[in-house]
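See below for the structure under consideration.
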2 protein chains.
Amino acid sequence: MTEFSLPPIQTTARDDAVLKALAGFVMQEALRPGQRLPTERILAERLKVSRNTVREALTRWEGLGLVERRQGSGTYLKAAVSPDMLHMPLTLAGGNDFTGLMRTLEIRRALEAEAAALCAIRAGKAEIAEIERKLDIMEEAFHSRAGMSAEEDWEFHQAVYRASGNPLFEQIIAAMHELFHRFWEHPLGVRDFGHASFPFHRTIYERIAAHDPDGARAEALKLIATVEDDLKRGAANLKLSDLK
Amino acid sequence: MTEFSLPPIQTTARDDAVLKALAGFVMQEALRPGQRLPTERILAERLKVSRNTVREALTRWEGLGLVERRQGSGTYLKAAVSPDMLHMPLTLAGGNDFTGLMRTLEIRRALEAEAAALCAIRAGKAEIAEIERKLDIMEEAFHSRAGMSAEEDWEFHQAVYRASGNPLFEQIIAAMHELFHRFWEHPLGVRDFGHASFPFHRTIYERIAAHDPDGARAEALKLIATVEDDLKRGAANLKLSDLK
DNA sequence: GTGGTTCAATGGTCCAACCAATTTCTGCAT
DNA sequence: ATGCAGAAATTGGTTGGACCATTGAACCAC
């Protein structure tokens with residue numbers, strides 16, 4: 001590890017100050033995800049702070065997924081960090097899968113519709129072409145693999161979010177999507193999950209290409225509605241089979 | 001603090017085990033948000049684990065917003081906790097500029113409208129009464145303090161999110177709100193920021209009380225639109241004064 | 001009662017070890 | 001030289017004990 005400057009911490013609110021200093025250090029050294037950051041012991045020494053305090057600070061970053069600790073090896077950067085990050089810890093009380101999924105879908109309904117509308121307003125020729133490309137890939141996969149096109153489906157939606165001009169849409173919906181998938185691994189008995197949503201991908205694309213925000217929003221809402229229906233059907237099936 | 005049972009921890013992955021045990025304890029004792037949980041020293045003793053380990057575990061929960069620590073007082077539950085929670089920490093970069101704020105507003109527009117609509121559908125008598133109470137408090141503060149009612153304003157909105165039946169709304173918008181406030185502290189030259197949004201609080205409430213989702217959504221959109229206007233005016237002012 | 005003061009409880013920080021996993025180095029056998 | 005097993009160093013994980021800073025309640029003088 002090369003030479004580096006880390007000015008000592010001054011006042012109270014230590015661990016916050018530690019994170020701030022560390023964030024500044026990461027920027028200064030232009031550390032990228034995957035790289036190792038200084039030892040806890042070294043950080044403690046340079047920051048004139050106890051190792052315990054350093055650990056609590058790093059524990060916070062670890063909890064946020066910014067950093068990964070490997071015993072015996074070191075602490076590694078896991079995502080880009082900047083001094084002005086906003087942390088949004090979302091906690092979903094699991095328990096009953098169905099209501100949890102429905103809640104993520106409610107968020108997704110709101111954001112998906114808005115993103116589609118913004119996309120219809122802002123997307124340029126290049127973005128529209130990219131969306132169409134993803135759409136073609138998805139439709140191809142759908143037909144050749146009898147409806148198993150979850151991956152390509154997701155890429156289509158991501159292209160829409162990106163073209164909305166607001167990266168927050170993609171980040172937040174991606175979080176919802178991941179949450180969704182933790183259950184989805186074992187689908188809930190509905191084999192053709194997502195089939196009903198298929199035709200709306202093209203209608204959404206058409207409304208976007210026509211720069212028709214209200215139309216795009218309406219089609220996006222229809223798509224989410226089909227997913228909600230599938231989910232409800234799955235929940236009903238589950239309840240029946242739970243009777244054993 | 002009454003008698004309670006906390007079996008000792010066994011294997012490695014201590015702090016995770018601590019959290020699991022703690023979650024179980026919270027359930028068993030039916031602790032609700034706002035209540036105090038055992039002191040770190042007691043937890044360490046009962047779980048047969050060092051106090052430092054307990055602290056790291058609690059630090060994680062604190063980072064997730066599940067718990068709040070008050071030096072000299074204790075550690076308090078801040079949200080419902082169940083043994084099977086899903087955590088989705090989301091960190092958003094940047095946002096300390098005009099475009100960043102506008103982006104958070106786009107998210108908020110989508111969610112605020114949906115939350116208001118869902119609230120109009122689902123809110124029961126008790127929830128509606130609570131919203132009205134917050135509204136009265138806000139209007140009172142607004143008139144007696146010449147429009148300085150940001151705190152009460154925010155509480156009104158939170159009441160709406162809670163009544164939407166989906167805690168994710170409150171969690172996500174709260175994060176947006178915090179980001180927003182990093183600017184708001186030193187306002188952008190617009191002294192009467194938020195004035196224009198005032199009347200829409202009551203109209204939103206009326207539409208909710210009338211169980212009129214579409215009306216509530218429409219009023220929520222109007223409210224956000226006024227905030228966007230304020231923001232644009234502020235940005236314009238800022239640009240002028242930046243010329244020096 | 002009112003307004004300080006004292007004091008115990010509690011979270012925050014520090015220190016100095018030791019444990020456990022990992023990586024690196026060393027030296028011997030091939 | 002090469003390769004590999006074992007020792008040593010590195011690094012995060014845990015422990016126990018100490019002290020500081022803040023809070024809140026009990027107490028006391030007025």
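All residue names refer to the structure tokens as shown: chains lettered A, B, ... in order, residues numbered from 1 in each chain, ligands numbered from 1 in order.
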
Give me, as a Markdown table, the closest atom pair and its distance (Å, one decimal) for every residue of chain C within a cut-off of 10 Å of chain A, counting only C-alpha atoms (C1' of nucleotides), rows sorted by chain and rising number.
```
| residue | atom | partner | partner_atom | distance |
| --- | --- | --- | --- | --- |
| C:DG12 | C1' | A:Arg14 | CA | 9.0 |
| C:DT13 | C1' | A:Thr53 | CA | 7.1 |
| C:DC14 | C1' | A:Ser50 | CA | 5.8 |
| C:DC15 | C1' | A:Ser50 | CA | 8.0 |
| C:DA20 | C1' | A:Gln71 | CA | 8.1 |
| C:DA21 | C1' | A:Gly72 | CA | 5.0 |
| C:DT22 | C1' | A:Gly72 | CA | 4.1 |
| C:DT23 | C1' | A:Ser73 | CA | 6.9 |
```

Same residues, all heavy atoms, saved as a compact mmCIF listing (two decimals), in the first residue's frame:
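Output file selection_13.txt follows:
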```txt
# COMPACT_ATOMS: atom_id res chain seq x y z
P DG C 12 -24.43 4.98 21.12
OP1 DG C 12 -24.85 5.92 20.06
OP2 DG C 12 -24.24 3.55 20.80
O5' DG C 12 -23.09 5.55 21.77
C5' DG C 12 -22.85 6.96 21.68
C4' DG C 12 -21.37 7.24 21.84
O4' DG C 12 -20.91 6.78 23.13
C3' DG C 12 -20.48 6.56 20.80
O3' DG C 12 -19.54 7.50 20.30
C2' DG C 12 -19.82 5.43 21.57
C1' DG C 12 -19.72 6.04 22.97
N9 DG C 12 -19.69 5.02 24.02
C8 DG C 12 -20.54 3.96 24.17
N7 DG C 12 -20.27 3.21 25.21
C5 DG C 12 -19.17 3.82 25.79
C6 DG C 12 -18.43 3.45 26.94
O6 DG C 12 -18.60 2.51 27.70
N1 DG C 12 -17.37 4.35 27.18
C2 DG C 12 -17.09 5.45 26.39
N2 DG C 12 -16.04 6.18 26.76
N3 DG C 12 -17.77 5.79 25.31
C4 DG C 12 -18.80 4.94 25.07
P DT C 13 -18.47 7.03 19.21
OP1 DT C 13 -18.17 8.22 18.40
OP2 DT C 13 -18.91 5.76 18.59
O5' DT C 13 -17.22 6.73 20.13
C5' DT C 13 -16.60 7.79 20.85
C4' DT C 13 -15.42 7.27 21.63
O4' DT C 13 -15.86 6.31 22.61
C3' DT C 13 -14.36 6.55 20.80
O3' DT C 13 -13.17 7.34 20.81
C2' DT C 13 -14.16 5.20 21.49
C1' DT C 13 -14.81 5.40 22.84
N1 DT C 13 -15.40 4.19 23.46
C2 DT C 13 -14.89 3.73 24.65
O2 DT C 13 -13.96 4.26 25.22
N3 DT C 13 -15.51 2.60 25.14
C4 DT C 13 -16.58 1.92 24.58
O4 DT C 13 -17.05 0.92 25.11
C5 DT C 13 -17.07 2.46 23.34
C7 DT C 13 -18.21 1.81 22.65
C6 DT C 13 -16.46 3.56 22.85
P DC C 14 -11.92 6.90 19.95
OP1 DC C 14 -11.15 8.12 19.66
OP2 DC C 14 -12.36 6.02 18.86
O5' DC C 14 -11.09 6.03 20.99
C5' DC C 14 -10.72 6.62 22.23
C4' DC C 14 -10.13 5.57 23.15
O4' DC C 14 -11.17 4.66 23.55
C3' DC C 14 -9.03 4.70 22.51
O3' DC C 14 -7.76 5.10 22.99
C2' DC C 14 -9.40 3.27 22.92
C1' DC C 14 -10.55 3.45 23.91
N1 DC C 14 -11.58 2.37 23.84
C2 DC C 14 -11.66 1.41 24.84
O2 DC C 14 -10.87 1.46 25.77
N3 DC C 14 -12.60 0.45 24.75
C4 DC C 14 -13.44 0.43 23.72
N4 DC C 14 -14.37 -0.54 23.68
C5 DC C 14 -13.38 1.41 22.69
C6 DC C 14 -12.45 2.36 22.78
P DC C 15 -6.46 4.55 22.28
OP1 DC C 15 -5.38 5.52 22.55
OP2 DC C 15 -6.79 4.16 20.88
O5' DC C 15 -6.14 3.23 23.09
C5' DC C 15 -6.07 3.30 24.51
C4' DC C 15 -5.94 1.91 25.10
O4' DC C 15 -7.22 1.24 25.04
C3' DC C 15 -4.93 1.01 24.37
O3' DC C 15 -3.90 0.68 25.27
C2' DC C 15 -5.76 -0.21 23.92
C1' DC C 15 -7.00 -0.13 24.83
N1 DC C 15 -8.24 -0.70 24.23
C2 DC C 15 -8.86 -1.80 24.84
O2 DC C 15 -8.36 -2.29 25.85
N3 DC C 15 -9.99 -2.29 24.29
C4 DC C 15 -10.50 -1.73 23.19
N4 DC C 15 -11.62 -2.24 22.69
C5 DC C 15 -9.88 -0.61 22.56
C6 DC C 15 -8.76 -0.13 23.10
P DA C 20 -10.31 -19.98 17.79
OP1 DA C 20 -11.59 -20.67 18.08
OP2 DA C 20 -9.02 -20.71 17.85
O5' DA C 20 -10.44 -19.32 16.35
C5' DA C 20 -11.60 -18.55 16.03
C4' DA C 20 -11.60 -18.19 14.54
O4' DA C 20 -10.62 -17.15 14.29
C3' DA C 20 -11.24 -19.33 13.60
O3' DA C 20 -11.97 -19.17 12.41
C2' DA C 20 -9.76 -19.13 13.36
C1' DA C 20 -9.68 -17.60 13.33
N9 DA C 20 -8.39 -17.03 13.70
C8 DA C 20 -7.52 -17.49 14.63
N7 DA C 20 -6.43 -16.75 14.76
C5 DA C 20 -6.63 -15.74 13.84
C6 DA C 20 -5.86 -14.62 13.48
N6 DA C 20 -4.68 -14.33 14.03
N1 DA C 20 -6.35 -13.80 12.52
C2 DA C 20 -7.54 -14.09 11.97
N3 DA C 20 -8.36 -15.11 12.23
C4 DA C 20 -7.84 -15.89 13.18
P DA C 21 -12.09 -20.40 11.36
OP1 DA C 21 -13.52 -20.74 11.25
OP2 DA C 21 -11.07 -21.43 11.68
O5' DA C 21 -11.65 -19.70 10.00
C5' DA C 21 -12.37 -18.55 9.57
C4' DA C 21 -11.49 -17.73 8.65
O4' DA C 21 -10.32 -17.29 9.37
C3' DA C 21 -10.98 -18.47 7.42
O3' DA C 21 -11.42 -17.76 6.27
C2' DA C 21 -9.46 -18.48 7.56
C1' DA C 21 -9.21 -17.32 8.51
N9 DA C 21 -8.03 -17.44 9.36
C8 DA C 21 -7.78 -18.40 10.28
N7 DA C 21 -6.64 -18.24 10.94
C5 DA C 21 -6.12 -17.07 10.40
C6 DA C 21 -4.95 -16.35 10.68
N6 DA C 21 -4.04 -16.73 11.58
N1 DA C 21 -4.73 -15.21 9.97
C2 DA C 21 -5.65 -14.84 9.07
N3 DA C 21 -6.80 -15.43 8.73
C4 DA C 21 -6.97 -16.56 9.44
P DT C 22 -11.08 -18.39 4.81
OP1 DT C 22 -12.17 -17.95 3.91
OP2 DT C 22 -10.74 -19.82 4.97
O5' DT C 22 -9.76 -17.61 4.39
C5' DT C 22 -9.74 -16.19 4.48
C4' DT C 22 -8.35 -15.68 4.25
O4' DT C 22 -7.50 -16.04 5.36
C3' DT C 22 -7.65 -16.24 3.01
O3' DT C 22 -7.58 -15.18 2.07
C2' DT C 22 -6.28 -16.71 3.52
C1' DT C 22 -6.18 -16.08 4.89
N1 DT C 22 -5.40 -16.82 5.91
C2 DT C 22 -4.23 -16.25 6.39
O2 DT C 22 -3.79 -15.20 6.02
N3 DT C 22 -3.59 -17.00 7.36
C4 DT C 22 -4.01 -18.23 7.87
O4 DT C 22 -3.36 -18.81 8.73
C5 DT C 22 -5.23 -18.75 7.32
C7 DT C 22 -5.75 -20.07 7.81
C6 DT C 22 -5.86 -18.03 6.39
P DT C 23 -6.96 -15.48 0.59
OP1 DT C 23 -7.58 -14.55 -0.37
OP2 DT C 23 -6.95 -16.94 0.36
O5' DT C 23 -5.44 -15.02 0.82
C5' DT C 23 -5.19 -13.74 1.38
C4' DT C 23 -3.70 -13.62 1.73
O4' DT C 23 -3.37 -14.50 2.81
C3' DT C 23 -2.74 -13.97 0.58
O3' DT C 23 -1.93 -12.84 0.34
C2' DT C 23 -1.97 -15.18 1.10
C1' DT C 23 -2.07 -15.01 2.61
N1 DT C 23 -1.97 -16.25 3.41
C2 DT C 23 -0.99 -16.36 4.39
O2 DT C 23 -0.19 -15.48 4.61
N3 DT C 23 -0.99 -17.55 5.09
C4 DT C 23 -1.86 -18.62 4.92
O4 DT C 23 -1.76 -19.62 5.61
C5 DT C 23 -2.85 -18.44 3.89
C7 DT C 23 -3.84 -19.54 3.63
C6 DT C 23 -2.86 -17.29 3.19
```

Should the cut-off be 7 Å, what would the residue list for chain B against chain A look like, counting only C-alpha atoms, as an mmCIF file with C-alpha atoms, in the first residue's frame?
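The file below, part.cif, is the result:
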```cif
data_model
loop_
_atom_site.group_PDB
_atom_site.id
_atom_site.type_symbol
_atom_site.label_atom_id
_atom_site.label_comp_id
_atom_site.auth_asym_id
_atom_site.auth_seq_id
_atom_site.Cartn_x
_atom_site.Cartn_y
_atom_site.Cartn_z
ATOM 1 C CA GLU B 56 -21.732 -4.135 16.070
ATOM 2 C CA THR B 59 -24.940 -0.740 14.621
ATOM 3 C CA ARG B 60 -26.234 -2.762 11.701
ATOM 4 C CA GLY B 63 -27.924 1.631 9.855
ATOM 5 C CA LEU B 64 -31.082 -0.030 8.610
ATOM 6 C CA SER B 82 -39.683 -9.597 12.637
ATOM 7 C CA ASP B 84 -37.851 -12.781 8.617
ATOM 8 C CA MET B 85 -37.183 -9.308 7.287
ATOM 9 C CA LEU B 86 -35.780 -8.522 3.890
ATOM 10 C CA HIS B 87 -33.256 -5.726 3.716
ATOM 11 C CA MET B 88 -32.575 -3.873 0.543
ATOM 12 C CA PRO B 89 -30.138 -1.080 1.251
ATOM 13 C CA LEU B 90 -30.111 1.301 -1.661
ATOM 14 C CA THR B 91 -27.508 4.032 -1.986
ATOM 15 C CA LEU B 92 -27.935 6.791 -4.472
ATOM 16 C CA ALA B 93 -25.006 8.867 -5.613
ATOM 17 C CA GLY B 94 -24.968 12.604 -5.920
ATOM 18 C CA ARG B 103 -34.901 13.769 -10.069
ATOM 19 C CA ALA B 110 -44.946 9.129 -8.903
ATOM 20 C CA LEU B 111 -45.078 7.759 -5.381
ATOM 21 C CA GLU B 114 -50.034 6.565 -5.944
ATOM 22 C CA ASN B 166 -47.771 0.005 2.247
ATOM 23 C CA GLN B 171 -39.521 4.497 3.515
ATOM 24 C CA ILE B 172 -38.695 5.562 -0.011
ATOM 25 C CA ALA B 175 -35.186 9.059 1.829
ATOM 26 C CA LEU B 179 -32.025 14.380 0.284
#
```

After fitting chain A to chain B over every Cα pair taken in order, the RMSD:
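C-alpha RMSD, chain A fitted to chain B: 3.7 Å.
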
Counting only C-alpha atoms (C1' of nucleotides), which residues of chain D fall within 6 Å of chain B, and what is the closest atom pair for each with its distance in Å at one decimal, ordered by chain and rising number, as CSV?
```
residue,atom,partner,partner_atom,distance
D:DT15,C1',B:Ser50,CA,5.9
D:DT22,C1',B:Gly72,CA,4.9
D:DT23,C1',B:Gly72,CA,4.3
```
